[in-house]
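Undergrad: Please read through the structure below; I'll follow up with questions.
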Protein chains: 2
Amino acid sequence: MGPLDESRMMDPSPKVLDAIRFVLVETTHSGNLGAVARAMKTMGLRRLDLVNPRSSPDAEAVARAAGADDLLATARTHRALVDALRGCRLVVGSSARPRTVEWPLLEPADCARRLLAEAREGEVALVLGRERSGLTNEELARCHFLTRIPTDPGFSSLNLAAAAQIFAYEIRRAWRADAEPPPVASGWDPAPPEVLEGFHAHLAQTMVDTGFCDPAQSRKLRQRLRRLFNRARPDRVELNILRGILSAAQGRKTPARFRKTDSPTDSRGQAAEVSEE
Amino acid sequence: MGPLDESRMMDPSPKVLDAIRFVLVETTHSGNLGAVARAMKTMGLRRLDLVNPRSSPDAEAVARAAGADDLLATARTHRALVDALRGCRLVVGSSARPRTVEWPLLEPADCARRLLAEAREGEVALVLGRERSGLTNEELARCHFLTRIPTDPGFSSLNLAAAAQIFAYEIRRAWRADAEPPPVASGWDPAPPEVLEGFHAHLAQTMVDTGFCDPAQSRKLRQRLRRLFNRARPDRVELNILRGILSAAQGRKTPARFRKTDSPTDSRGQAAEVSEE
(Lines give C-alpha, C1' and ligand atoms only; values in the text may rest on other atoms or scores of the structure.)
Protein backbone atom coordinates (compact mmCIF):
# COMPACT_ATOMS: atom_id res chain seq x y z
CA MET A 1 0.00 0.00 0.00
CA GLY A 2 1.49 3.31 -1.08
CA PRO A 3 1.59 6.18 1.36
CA LEU A 4 -1.12 8.02 -0.54
CA ASP A 5 -3.29 5.14 -1.63
CA GLU A 6 -6.55 5.98 0.05
CA SER A 7 -8.69 3.62 -1.96
CA ARG A 8 -7.46 0.72 0.15
CA MET A 9 -7.52 2.58 3.44
CA MET A 10 -9.68 1.49 6.30
CA ASP A 11 -12.65 3.81 6.22
CA PRO A 12 -11.81 6.56 8.71
CA SER A 13 -15.42 7.58 8.98
CA PRO A 14 -16.01 10.04 6.14
CA LYS A 15 -19.19 10.99 7.98
CA VAL A 16 -17.11 13.20 10.23
CA LEU A 17 -16.29 15.33 7.18
CA ASP A 18 -20.02 15.79 6.57
CA ALA A 19 -20.30 17.47 9.95
CA ILE A 20 -18.03 20.27 8.74
CA ARG A 21 -19.74 23.07 6.81
CA PHE A 22 -18.14 25.92 4.91
CA VAL A 23 -20.19 29.10 5.20
CA LEU A 24 -19.64 31.79 2.54
CA VAL A 25 -20.83 35.28 3.47
CA GLU A 26 -22.02 37.64 0.71
CA THR A 27 -19.85 36.20 -2.02
CA THR A 28 -19.71 38.58 -4.98
CA HIS A 29 -18.44 36.43 -7.86
CA SER A 30 -20.41 33.36 -8.83
CA GLY A 31 -17.20 31.86 -10.26
CA ASN A 32 -15.85 31.76 -6.72
CA LEU A 33 -18.89 29.79 -5.56
CA GLY A 34 -18.04 27.10 -8.09
CA ALA A 35 -14.32 27.18 -7.31
CA VAL A 36 -15.01 26.82 -3.57
CA ALA A 37 -17.30 23.86 -4.26
CA ARG A 38 -14.55 22.23 -6.29
CA ALA A 39 -11.93 22.95 -3.61
CA MET A 40 -14.16 21.34 -0.97
CA LYS A 41 -15.12 18.30 -2.97
CA THR A 42 -11.51 17.40 -3.86
CA MET A 43 -10.91 17.08 -0.12
CA GLY A 44 -14.07 15.09 0.62
CA LEU A 45 -16.10 17.98 2.06
CA ARG A 46 -19.71 18.42 0.88
CA ARG A 47 -21.62 20.80 3.06
CA LEU A 48 -21.82 24.36 1.71
CA ASP A 49 -23.93 27.18 3.17
CA LEU A 50 -24.37 30.59 1.54
CA VAL A 51 -25.31 33.77 3.37
CA ASN A 52 -26.82 36.45 1.12
CA PRO A 53 -24.79 35.56 -1.98
CA ARG A 54 -24.47 38.56 -4.31
CA SER A 55 -24.74 36.29 -7.30
CA SER A 56 -26.52 32.98 -7.51
CA PRO A 57 -24.87 29.77 -8.70
CA ASP A 58 -24.99 30.35 -12.49
CA ALA A 59 -23.27 28.89 -15.56
CA GLU A 60 -19.95 30.46 -14.54
CA ALA A 61 -20.24 28.83 -11.13
CA VAL A 62 -21.01 25.44 -12.65
CA ALA A 63 -18.07 25.79 -15.06
CA ARG A 64 -15.64 26.59 -12.26
CA ALA A 65 -17.08 23.80 -10.14
CA ALA A 66 -15.84 21.39 -12.83
CA GLY A 67 -17.92 18.48 -11.60
CA ALA A 68 -18.58 19.69 -8.06
CA ASP A 69 -21.86 21.39 -8.99
CA ASP A 70 -23.72 18.85 -6.83
CA LEU A 71 -22.41 20.85 -3.88
CA LEU A 72 -23.89 24.00 -5.39
CA ALA A 73 -27.21 22.24 -5.95
CA THR A 74 -27.41 21.08 -2.34
CA ALA A 75 -26.04 24.32 -0.83
CA ARG A 76 -28.45 26.05 1.52
CA THR A 77 -28.99 29.77 1.25
CA HIS A 78 -29.63 31.94 4.32
CA ARG A 79 -30.48 35.55 4.97
CA ALA A 80 -28.39 35.89 8.09
CA LEU A 81 -25.16 34.35 9.33
CA VAL A 82 -26.81 33.15 12.49
CA ASP A 83 -29.16 30.98 10.40
CA ALA A 84 -26.24 29.40 8.58
CA LEU A 85 -24.60 28.54 11.89
CA ARG A 86 -27.66 26.92 13.42
CA GLY A 87 -26.80 23.77 15.38
CA CYS A 88 -23.04 24.34 15.30
CA ARG A 89 -21.04 23.66 18.46
CA LEU A 90 -17.90 25.30 17.05
CA VAL A 91 -17.53 28.24 14.66
CA VAL A 92 -14.20 29.41 13.26
CA GLY A 93 -14.00 32.60 11.19
CA SER A 94 -11.39 33.28 8.55
CA SER A 95 -9.76 36.65 8.89
CA ALA A 96 -7.48 38.06 6.24
CA ARG A 97 -6.05 40.82 8.39
CA PRO A 98 -5.09 41.22 12.01
CA ARG A 99 -7.97 42.69 14.06
CA THR A 100 -7.81 45.46 16.58
CA VAL A 101 -9.72 43.34 19.05
CA GLU A 102 -7.69 40.46 20.37
CA TRP A 103 -9.31 37.15 19.48
CA PRO A 104 -8.03 33.60 19.77
CA LEU A 105 -6.20 33.04 16.51
CA LEU A 106 -5.49 29.61 15.00
CA GLU A 107 -3.09 28.61 12.26
CA PRO A 108 -4.89 26.72 9.45
CA ALA A 109 -3.45 23.37 10.60
CA ASP A 110 -4.65 23.92 14.18
CA CYS A 111 -7.96 25.17 12.88
CA ALA A 112 -8.35 21.94 10.90
CA ARG A 113 -7.47 19.73 13.86
CA ARG A 114 -9.93 21.53 16.09
CA LEU A 115 -12.76 21.47 13.54
CA LEU A 116 -12.18 17.78 13.01
CA ALA A 117 -11.99 16.92 16.69
CA GLU A 118 -15.26 18.67 17.41
CA ALA A 119 -16.93 17.34 14.27
CA ARG A 120 -16.83 13.95 15.99
CA GLU A 121 -19.13 15.42 18.59
CA GLY A 122 -21.46 17.54 16.49
CA GLU A 123 -21.74 20.14 13.74
CA VAL A 124 -18.97 22.68 13.13
CA ALA A 125 -18.50 25.60 10.71
CA LEU A 126 -15.74 27.50 8.99
CA VAL A 127 -16.90 30.98 7.92
CA LEU A 128 -15.34 32.74 4.92
CA GLY A 129 -16.10 36.40 4.24
CA ARG A 130 -16.52 38.72 1.27
CA GLU A 131 -13.88 38.81 -1.45
CA ARG A 132 -12.90 42.43 -0.75
CA SER A 133 -13.71 43.09 2.86
CA GLY A 134 -13.84 39.72 4.60
CA LEU A 135 -16.04 39.42 7.70
CA THR A 136 -17.33 42.36 9.72
CA ASN A 137 -16.45 42.68 13.38
CA GLU A 138 -20.01 41.71 14.20
CA GLU A 139 -19.71 38.54 12.18
CA LEU A 140 -16.34 37.71 13.71
CA ALA A 141 -17.94 38.12 17.12
CA ARG A 142 -20.09 35.08 16.28
CA CYS A 143 -16.94 32.95 16.01
CA HIS A 144 -15.22 31.02 18.78
CA PHE A 145 -11.89 31.33 17.05
CA LEU A 146 -10.37 33.21 14.17
CA THR A 147 -7.99 31.61 11.72
CA ARG A 148 -5.62 33.30 9.34
CA ILE A 149 -3.51 31.93 6.51
CA PRO A 150 0.00 33.34 6.83
CA THR A 151 0.88 35.33 3.73
CA ASP A 152 3.57 37.65 2.49
CA PRO A 153 3.05 40.92 4.38
CA GLY A 154 3.53 42.82 1.13
CA PHE A 155 0.83 40.93 -0.80
CA SER A 156 -1.78 39.19 1.30
CA SER A 157 -4.55 39.13 -1.31
CA LEU A 158 -5.64 35.49 -1.26
CA ASN A 159 -8.43 34.50 -3.60
CA LEU A 160 -11.52 33.25 -1.73
CA ALA A 161 -11.42 29.82 -3.38
CA ALA A 162 -7.66 29.58 -2.83
CA ALA A 163 -8.21 30.18 0.89
CA ALA A 164 -11.01 27.59 0.92
CA GLN A 165 -8.64 25.16 -0.82
CA ILE A 166 -5.98 25.60 1.87
CA PHE A 167 -8.46 25.09 4.71
CA ALA A 168 -10.01 22.07 2.99
CA TYR A 169 -6.55 20.63 2.34
CA GLU A 170 -5.61 21.04 5.99
CA ILE A 171 -8.85 19.43 7.12
CA ARG A 172 -8.23 16.40 4.91
CA ARG A 173 -4.65 16.27 6.14
CA ALA A 174 -5.76 16.19 9.75
CA TRP A 175 -8.40 13.61 8.90
CA ARG A 176 -5.86 11.35 7.19
CA ALA A 177 -3.37 11.73 10.03
CA ASP A 178 -6.05 10.50 12.43
CA ALA A 179 -6.99 7.54 10.32
CA GLU A 180 -3.97 6.34 8.50
CA PRO A 181 -1.20 4.02 9.58
CA PRO A 182 2.19 5.73 9.33
CA PRO A 183 3.31 5.86 5.69
CA VAL A 184 5.69 3.17 4.51
CA ALA A 185 8.03 3.69 1.59
CA SER A 186 6.55 0.91 -0.46
CA GLY A 187 7.05 -1.16 -3.56
CA TRP A 188 10.80 -0.60 -3.59
CA ASP A 189 13.17 -3.18 -2.30
CA PRO A 190 16.86 -2.29 -2.53
CA ALA A 191 19.15 -5.20 -3.36
CA PRO A 192 21.06 -6.71 -0.41
CA PRO A 193 24.79 -5.97 -0.01
CA GLU A 194 25.99 -9.27 -1.47
CA VAL A 195 24.14 -8.61 -4.71
CA LEU A 196 25.53 -5.07 -4.86
CA GLU A 197 29.02 -6.54 -4.31
CA GLY A 198 28.57 -8.74 -7.36
CA PHE A 199 27.67 -5.68 -9.38
CA HIS A 200 30.71 -3.72 -8.17
CA ALA A 201 33.03 -6.61 -9.01
CA HIS A 202 31.50 -6.80 -12.48
CA LEU A 203 31.81 -3.03 -12.92
CA ALA A 204 35.49 -3.07 -11.86
CA GLN A 205 36.25 -5.91 -14.26
CA THR A 206 34.47 -4.12 -17.10
CA MET A 207 36.44 -0.95 -16.44
CA VAL A 208 39.61 -2.98 -16.91
CA ASP A 209 38.36 -5.02 -19.89
CA THR A 210 37.29 -1.94 -21.82
CA GLY A 211 40.55 -0.14 -21.10
CA PHE A 212 38.88 2.58 -19.06
CA CYS A 213 41.28 2.40 -16.15
CA ASP A 214 44.28 0.70 -14.67
CA PRO A 215 43.17 -1.65 -11.88
CA ALA A 216 46.29 -0.82 -9.89
CA GLN A 217 45.38 2.86 -9.77
CA SER A 218 41.62 2.96 -9.66
CA ARG A 219 40.88 2.37 -5.98
CA LYS A 220 39.69 5.91 -5.38
CA LEU A 221 37.60 5.80 -8.53
CA ARG A 222 35.89 2.60 -7.39
CA GLN A 223 35.19 4.19 -4.02
CA ARG A 224 33.56 7.10 -5.77
CA LEU A 225 31.33 4.78 -7.80
CA ARG A 226 30.38 2.93 -4.62
CA ARG A 227 29.30 6.18 -3.06
CA LEU A 228 27.20 7.02 -6.13
CA PHE A 229 25.39 3.67 -6.15
CA ASN A 230 24.95 3.71 -2.38
CA ARG A 231 23.03 6.91 -2.78
CA ALA A 232 20.86 5.35 -5.49
CA ARG A 233 20.30 2.05 -3.61
CA PRO A 234 19.43 0.03 -6.73
CA ASP A 235 17.02 -2.88 -6.56
CA ARG A 236 17.66 -6.28 -8.15
CA VAL A 237 15.99 -5.46 -11.46
CA GLU A 238 18.06 -2.30 -11.83
CA LEU A 239 21.25 -4.21 -11.06
CA ASN A 240 20.29 -6.79 -13.69
CA ILE A 241 19.91 -3.99 -16.25
CA LEU A 242 23.25 -2.48 -15.31
CA ARG A 243 24.98 -5.86 -15.42
CA GLY A 244 23.44 -6.49 -18.82
CA ILE A 245 24.95 -3.23 -20.03
CA LEU A 246 28.32 -4.21 -18.55
CA SER A 247 28.21 -7.61 -20.26
CA ALA A 248 27.47 -5.91 -23.55
CA ALA A 249 30.37 -3.52 -22.97
CA GLN A 250 32.62 -6.53 -22.33
CA GLY A 251 31.76 -7.71 -25.81
CA ARG A 252 29.38 -10.52 -24.95
CA LYS A 253 26.72 -9.00 -27.19
CA THR A 254 26.96 -7.78 -30.74
CA PRO A 255 25.24 -4.61 -31.97
CA ALA A 256 24.36 -6.46 -35.17
CA ARG A 257 21.71 -8.49 -33.41
CA PHE A 258 19.18 -5.66 -33.65
CA ARG A 259 19.80 -4.76 -37.27
CA LYS A 260 17.01 -5.35 -39.77
CA THR A 261 19.03 -8.16 -41.37
CA ASP A 262 18.91 -10.24 -38.19
CA SER A 263 16.50 -13.08 -37.73
CA PRO A 264 13.33 -11.99 -35.93
CA THR A 265 13.97 -14.40 -33.06
CA ASP A 266 17.01 -12.34 -32.04
CA SER A 267 15.20 -9.06 -31.97
CA ARG A 268 13.69 -9.36 -28.50
CA GLY A 269 17.01 -8.61 -26.96
CA GLN A 270 18.06 -8.28 -23.38
CA ALA A 271 15.61 -5.49 -22.75
CA ALA A 272 12.73 -7.92 -22.71
CA GLU A 273 14.21 -9.74 -19.74
CA VAL A 274 13.97 -6.71 -17.52
CA SER A 275 11.24 -4.56 -18.95
CA GLU A 276 8.41 -5.84 -16.81
CA GLU A 277 7.77 -3.49 -13.90
CA MET B 1 4.02 39.47 19.18
CA GLY B 2 1.39 37.13 17.79
CA PRO B 3 2.32 33.81 16.29
CA LEU B 4 1.44 35.04 12.80
CA ASP B 5 2.89 38.50 12.91
CA GLU B 6 5.57 38.31 10.28
CA SER B 7 6.16 41.99 9.97
CA ARG B 8 8.04 41.89 13.25
CA MET B 9 9.78 38.56 12.59
CA MET B 10 13.50 38.40 12.08
CA ASP B 11 14.00 38.24 8.35
CA PRO B 12 14.50 34.55 7.51
CA SER B 13 16.19 35.32 4.22
CA PRO B 14 13.43 35.87 1.65
CA LYS B 15 16.10 35.41 -1.01
CA VAL B 16 15.83 31.67 -0.59
CA LEU B 17 12.26 31.86 -1.92
CA ASP B 18 13.61 33.46 -5.10
CA ALA B 19 15.61 30.29 -5.79
CA ILE B 20 12.35 28.34 -6.08
CA ARG B 21 10.70 28.44 -9.50
CA PHE B 22 7.28 27.16 -10.47
CA VAL B 23 7.31 25.71 -13.98
CA LEU B 24 3.95 25.45 -15.77
CA VAL B 25 3.87 23.07 -18.72
CA GLU B 26 1.48 23.81 -21.61
CA THR B 27 -1.11 25.62 -19.56
CA THR B 28 -4.37 25.91 -21.53
CA HIS B 29 -6.30 28.64 -19.72
CA SER B 30 -4.76 32.08 -19.37
CA GLY B 31 -6.92 32.65 -16.28
CA ASN B 32 -4.97 29.90 -14.58
CA LEU B 33 -1.69 31.66 -15.36
CA GLY B 34 -2.96 34.70 -13.47
CA ALA B 35 -4.37 32.64 -10.61
CA VAL B 36 -1.08 30.75 -10.21
CA ALA B 37 0.83 34.05 -10.16
CA ARG B 38 -1.48 35.32 -7.42
CA ALA B 39 -1.16 32.06 -5.46
CA MET B 40 2.62 32.32 -5.60
CA LYS B 41 2.87 35.99 -4.73
CA THR B 42 0.68 35.66 -1.63
CA MET B 43 3.28 33.23 -0.33
CA GLY B 44 6.31 35.33 -1.28
CA LEU B 45 7.28 33.34 -4.37
CA ARG B 46 8.13 35.25 -7.55
CA ARG B 47 9.83 33.08 -10.11
CA LEU B 48 7.47 31.71 -12.78
CA ASP B 49 8.55 29.79 -15.89
CA LEU B 50 6.20 28.77 -18.69
CA VAL B 51 6.79 25.92 -21.11
CA ASN B 52 4.81 26.23 -24.35
CA PRO B 53 1.80 28.01 -22.81
CA ARG B 54 -1.32 27.40 -24.92
CA SER B 55 -2.52 30.91 -24.20
CA SER B 56 -0.42 33.96 -23.44
CA PRO B 57 -0.88 36.13 -20.37
CA ASP B 58 -3.89 38.22 -21.51
CA ALA B 59 -6.50 40.44 -19.86
CA GLU B 60 -8.13 37.43 -18.21
CA ALA B 61 -4.76 36.41 -16.76
CA VAL B 62 -4.12 39.90 -15.43
CA ALA B 63 -7.61 40.04 -13.90
CA ARG B 64 -7.15 36.74 -12.10
CA ALA B 65 -3.65 37.78 -11.01
CA ALA B 66 -5.34 40.57 -9.02
CA GLY B 67 -2.14 42.53 -8.50
CA ALA B 68 0.35 39.73 -9.12
CA ASP B 69 0.73 40.56 -12.81
CA ASP B 70 4.34 41.56 -12.19
CA LEU B 71 5.03 37.81 -11.96
CA LEU B 72 3.42 37.34 -15.36
CA ALA B 73 5.48 40.19 -16.82
CA THR B 74 8.74 38.69 -15.58
CA ALA B 75 7.81 35.06 -16.33
CA ARG B 76 10.14 33.37 -18.80
CA THR B 77 8.73 31.34 -21.65
CA HIS B 78 10.49 28.25 -22.96
CA ARG B 79 9.96 25.81 -25.80
CA ALA B 80 11.13 22.73 -23.92
CA LEU B 81 10.94 21.63 -20.29
CA VAL B 82 14.68 21.07 -20.14
CA ASP B 83 15.23 24.78 -20.89
CA ALA B 84 12.93 25.80 -18.06
CA LEU B 85 14.89 23.56 -15.70
CA ARG B 86 18.33 24.85 -16.67
CA GLY B 87 20.60 25.24 -13.68
CA CYS B 88 18.29 23.45 -11.24
CA ARG B 89 19.81 21.07 -8.71
CA LEU B 90 16.44 19.66 -7.67
CA VAL B 91 13.30 19.12 -9.74
CA VAL B 92 9.98 17.94 -8.26
CA GLY B 93 7.05 17.10 -10.52
CA SER B 94 3.42 17.30 -9.50
CA SER B 95 1.47 14.18 -10.39
CA ALA B 96 -2.29 14.04 -10.04
CA ARG B 97 -2.59 10.29 -10.36
CA PRO B 98 -0.56 7.31 -9.26
CA ARG B 99 1.86 6.11 -11.94
CA THR B 100 2.55 2.58 -13.07
CA VAL B 101 6.25 3.11 -12.63
CA GLU B 102 7.23 3.56 -9.02
CA TRP B 103 8.87 6.92 -8.44
CA PRO B 104 9.86 8.53 -5.16
CA LEU B 105 6.69 10.29 -4.03
CA LEU B 106 6.59 13.19 -1.57
CA GLU B 107 3.67 14.62 0.33
CA PRO B 108 3.32 18.37 -0.29
CA ALA B 109 4.76 19.24 3.14
CA ASP B 110 7.84 17.07 2.56
CA CYS B 111 8.11 18.44 -0.95
CA ALA B 112 8.16 21.97 0.48
CA ARG B 113 10.78 21.14 3.09
CA ARG B 114 13.01 19.54 0.50
CA LEU B 115 12.65 22.36 -2.04
CA LEU B 116 13.43 24.88 0.65
CA ALA B 117 16.43 23.03 2.04
CA GLU B 118 18.00 22.70 -1.39
CA ALA B 119 17.06 26.25 -2.39
CA ARG B 120 19.67 27.33 0.15
CA GLU B 121 22.28 25.62 -2.04
CA GLY B 122 21.05 26.50 -5.53
CA GLU B 123 18.09 26.70 -7.88
CA VAL B 124 15.15 24.32 -7.52
CA ALA B 125 11.93 23.77 -9.48
CA LEU B 126 8.40 22.54 -8.95
CA VAL B 127 6.82 21.42 -12.25
CA LEU B 128 3.05 21.57 -12.76
CA GLY B 129 1.46 19.94 -15.81
CA ARG B 130 -1.45 20.53 -18.13
CA GLU B 131 -4.92 21.15 -16.71
CA ARG B 132 -6.41 17.97 -18.16
CA SER B 133 -3.57 15.55 -18.55
CA GLY B 134 -0.82 16.66 -16.17
CA LEU B 135 2.75 15.75 -17.04
CA THR B 136 3.74 13.05 -19.51
CA ASN B 137 5.80 10.12 -18.33
CA GLU B 138 8.76 11.59 -20.22
CA GLU B 139 8.40 14.88 -18.37
CA LEU B 140 8.07 13.08 -15.04
CA ALA B 141 11.25 11.20 -15.86
CA ARG B 142 13.07 14.56 -15.70
CA CYS B 143 12.08 14.89 -12.05
CA HIS B 144 13.97 13.67 -9.01
CA PHE B 145 10.77 13.32 -7.05
CA LEU B 146 7.09 13.38 -7.65
CA THR B 147 4.66 15.02 -5.31
CA ARG B 148 0.95 14.47 -5.06
CA ILE B 149 -1.72 16.31 -3.12
CA PRO B 150 -3.88 13.74 -1.36
CA THR B 151 -7.48 14.10 -2.53
CA ASP B 152 -10.77 12.31 -2.23
CA PRO B 153 -10.41 9.19 -4.39
CA GLY B 154 -13.88 9.84 -5.84
CA PHE B 155 -13.13 13.42 -6.96
CA SER B 156 -9.47 14.24 -7.41
CA SER B 157 -9.93 17.08 -9.90
CA LEU B 158 -7.84 19.85 -8.37
CA ASN B 159 -7.69 23.13 -10.26
CA LEU B 160 -4.16 23.99 -11.41
CA ALA B 161 -4.04 27.24 -9.44
CA ALA B 162 -5.53 25.50 -6.39
CA ALA B 163 -2.71 22.95 -6.52
CA ALA B 164 -0.17 25.76 -6.93
CA GLN B 165 -1.73 27.49 -3.92
CA ILE B 166 -1.32 24.41 -1.73
CA PHE B 167 2.32 23.93 -2.74
CA ALA B 168 3.09 27.63 -2.28
CA TYR B 169 1.35 27.59 1.10
CA GLU B 170 3.40 24.59 2.22
CA ILE B 171 6.61 26.23 1.03
CA ARG B 172 5.89 29.37 3.04
CA ARG B 173 4.94 27.23 6.00
CA ALA B 174 8.25 25.39 5.85
CA TRP B 175 10.08 28.66 5.36
CA ARG B 176 8.45 30.22 8.41
CA ALA B 177 9.15 27.15 10.54
CA ASP B 178 12.69 27.31 9.40
CA ALA B 179 14.29 30.30 11.09
CA GLU B 180 17.31 28.11 11.68
CA PRO B 181 17.60 25.72 8.74
CA PRO B 182 18.39 22.04 9.20
CA PRO B 183 21.91 21.17 8.15
CA VAL B 184 22.00 20.21 4.50
CA ALA B 185 24.48 17.59 3.39
CA SER B 186 26.66 20.23 1.87
CA GLY B 187 29.64 20.35 -0.43
CA TRP B 188 27.69 18.19 -2.85
CA ASP B 189 26.54 19.80 -6.00
CA PRO B 190 24.38 17.60 -8.25
CA ALA B 191 24.76 18.20 -11.97
CA PRO B 192 22.02 20.32 -13.58
CA PRO B 193 19.43 18.67 -15.87
CA GLU B 194 21.10 19.65 -19.13
CA VAL B 195 24.30 17.85 -18.08
CA LEU B 196 22.33 14.80 -16.96
CA GLU B 197 20.56 14.81 -20.34
CA GLY B 198 23.94 14.55 -22.06
CA PHE B 199 24.76 11.53 -19.93
CA HIS B 200 21.45 9.82 -20.68
CA ALA B 201 21.91 10.38 -24.41
CA HIS B 202 25.41 8.91 -24.18
CA LEU B 203 24.13 5.94 -22.16
CA ALA B 204 21.35 5.25 -24.68
CA GLN B 205 23.81 5.39 -27.56
CA THR B 206 26.20 3.05 -25.78
CA MET B 207 23.42 0.58 -25.12
CA VAL B 208 22.81 0.47 -28.85
CA ASP B 209 26.50 0.47 -29.88
CA THR B 210 27.34 -2.43 -27.60
CA GLY B 211 24.33 -4.43 -28.73
CA PHE B 212 22.71 -4.38 -25.31
CA CYS B 213 19.31 -3.36 -26.53
CA ASP B 214 17.19 -2.47 -29.48
CA PRO B 215 16.59 1.29 -29.46
CA ALA B 216 13.07 0.71 -30.77
CA GLN B 217 12.17 -1.40 -27.76
CA SER B 218 14.08 0.16 -24.91
CA ARG B 219 11.92 3.13 -23.93
CA LYS B 220 10.80 1.60 -20.67
CA LEU B 221 14.30 0.47 -19.91
CA ARG B 222 15.61 3.99 -20.39
CA GLN B 223 12.88 5.33 -18.10
CA ARG B 224 13.99 2.86 -15.47
CA LEU B 225 17.60 4.00 -15.75
CA ARG B 226 16.47 7.62 -15.46
CA ARG B 227 14.72 6.78 -12.24
CA LEU B 228 17.83 5.09 -10.88
CA PHE B 229 20.10 8.03 -11.65
CA ASN B 230 17.53 10.55 -10.45
CA ARG B 231 17.69 8.83 -7.08
CA ALA B 232 21.48 8.98 -7.10
CA ARG B 233 21.64 12.59 -8.34
CA PRO B 234 25.22 12.39 -9.66
CA ASP B 235 27.47 15.41 -9.60
CA ARG B 236 29.59 16.49 -12.58
CA VAL B 237 32.66 14.50 -11.55
CA GLU B 238 30.61 11.34 -11.22
CA LEU B 239 29.00 11.92 -14.61
CA ASN B 240 32.48 12.39 -16.09
CA ILE B 241 33.51 9.03 -14.66
CA LEU B 242 30.40 7.32 -15.99
CA ARG B 243 30.82 8.89 -19.41
CA GLY B 244 34.45 7.79 -19.44
CA ILE B 245 33.26 4.23 -18.81
CA LEU B 246 30.69 4.57 -21.58
CA SER B 247 33.30 5.87 -24.02
CA ALA B 248 35.53 2.94 -23.17
CA ALA B 249 32.59 0.57 -23.71
CA GLN B 250 32.03 2.16 -27.11
CA GLY B 251 35.56 1.07 -27.99
CA ARG B 252 37.25 4.45 -27.78
CA LYS B 253 39.81 3.04 -25.38
CA THR B 254 41.89 -0.09 -25.65
CA PRO B 255 42.49 -2.42 -22.70
CA ALA B 256 46.03 -2.92 -23.88
CA ARG B 257 47.04 0.53 -22.69
CA PHE B 258 47.37 -0.64 -19.10
CA ARG B 259 49.30 -3.85 -19.75
CA LYS B 260 52.87 -4.18 -18.48
CA THR B 261 54.17 -4.03 -22.03
CA ASP B 262 52.83 -0.52 -22.45
CA SER B 263 55.08 2.45 -22.16
CA PRO B 264 55.02 3.95 -18.63
CA THR B 265 53.77 7.28 -19.94
CA ASP B 266 50.47 5.63 -20.88
CA SER B 267 49.84 4.09 -17.53
CA ARG B 268 48.31 7.10 -15.84
CA GLY B 269 45.09 6.37 -17.60
CA GLN B 270 41.71 8.02 -17.49
CA ALA B 271 41.37 7.55 -13.76
CA ALA B 272 43.79 10.38 -13.07
CA GLU B 273 41.47 12.84 -14.77
CA VAL B 274 38.69 12.25 -12.30
CA SER B 275 40.26 10.92 -9.15
CA GLU B 276 40.56 14.21 -7.32
CA GLU B 277 37.75 14.49 -4.79
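Residue numbering restarts at 1 for every chain of the C-alpha coordinates, chains are lettered A, B, ... in their displayed order, and ligands are numbered from 1 as they appear.
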Out of range 5-209 of chain A, which residues get strand (DSSP E) from DSSP, as a PyMOL selection string?

TA: chain A and resi 20-25+47-51+76-78+88-94+105-106+123-128+145-147

Undergrad: For CA of Pro14 in chain A and CA of Cys143 in chain A, determine how far apart the two atoms are, in Å to one decimal place.

TA: 25.0 Å

Undergrad: At what distance in Å, to one decimal, does CA of Arg97 in chain A lie from CA of Leu33 in chain B?

TA: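 Those two atoms sit 25.8 Å apart.
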
Undergrad: Please indicate the distance in Å from CA of Ala84 in chain A to CA of Thr136 in chain A, rounded to one decimal place.

TA: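 Separating CA of Ala84 in chain A from CA of Thr136 in chain A is a distance of 15.8 Å.
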
Undergrad: Which one is closest to Asn32 in chain B: A:Gly244, A:Ala119, A:Arg64, A:Thr74? Count only C-alpha atoms.

TA: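 Using only C-alpha atoms, Asn32 in chain B sits closest to A:Arg64.
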
Undergrad: Have a look at A:Pro108, A:Gly198, A:Gly34, A:Gly122 and name the one nearest to Ala75 in chain A; count only C-alpha atoms.

TA: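 Of all the options, A:Gly34 lies closest to Ala75 in chain A.
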
Undergrad: For each of A:Ile166, A:Ala216, A:Leu48, A:Ala65, take the minimum atom-to-atom distance to chain B, counting only C-alpha atoms, then give the residue where this is smallest.

TA: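 The closest residue to chain B is A:Ile166.
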
Undergrad: Need the shell around Met43 in chain B: protein/DNA/RNA residues with any atom at most 10 Å away, counting only C-alpha atoms. Skip same-chain ones fewer than 5 positions apart. Format as number ranges by chain?

TA: A: 149-158; B: 17, 38, 165, 167-173, 175

Undergrad: Excluding Asp235 in chain B and any residue of its chain fewer than 6 positions from it, enumerate the residues within 12 Å of it, using only C-alpha atoms, and give them as a list of chain:residue names.

TA: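 The contact residues come out as A:Arg224, A:Leu225, A:Arg227, A:Leu228, A:Arg231, B:Arg89, B:Leu90, B:Gly187, B:Trp188, B:Asp189, B:Pro190, B:Ala191, B:Pro192, B:Pro193, B:Val195, B:Leu196, B:Phe199, B:Phe229, B:Ile241, B:Leu242, B:Val274, B:Glu277.
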
Undergrad: Mind checking which residues fall within 12 Å of Lys15 in chain B, counting only C-alpha atoms, ignoring those fewer than 4 positions away in the same chain, and posting them as an MDAnalysis selection string?

TA: chainID B and resid 11 19:20 44:47 116 119:123 175

Undergrad: Considering only C-alpha atoms, return as a ChimeraX atom specification whatever protein or nucleic-acid residues lie within 12 Å of Glu131 in chain B, sequence-local ones (same chain, fewer than 3 positions apart) excluded.

TA: /A:66 /B:24-33,53-54,94-96,128,134-135,157-164

Undergrad: Which is closer to Asp83 in chain A than all the others in A:Ala248, A:Ala125, A:Leu71, A:Leu106, using only C-alpha atoms?

TA: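 Of the candidates, the smallest distance to Asp83 in chain A is held by A:Ala125.
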
Undergrad: Could you name the residues that touch Leu126 in chain A at 8 Å or less, counting only C-alpha atoms, but leaving out those on the same chain fewer than 3 positions away, as a list in words?

TA: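 Here the qualifying residues turn out to be Ile20, Arg21, Phe22, Val23, Val91, Val92, Gly93 and Ser94 of chain A.
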
Undergrad: If you run DSSP on this backbone, which residues of range 9-238 of chain B come out as alpha helix (DSSP H), and could you give them as a PyMOL selection string?

TA: chain B and resi 15-18+30-42+59-65+69-74+81-84+108-119+137-140+160-176+193-209+219-232+236-238

Undergrad: Taking only C-alpha atoms into account, name the residue in B:Ala63, B:Glu118, B:Arg130, B:Ala80 that is nearest to chain A.

TA: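 Between B:Ala63, B:Glu118, B:Arg130, B:Ala80, the residue approaching chain A most closely is B:Ala63.
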
Undergrad: With only C-alpha atoms as the atoms that count, which of A:His78, A:His202, A:Arg142, A:Arg148 lies nearest to chain B?

TA: A:Arg148
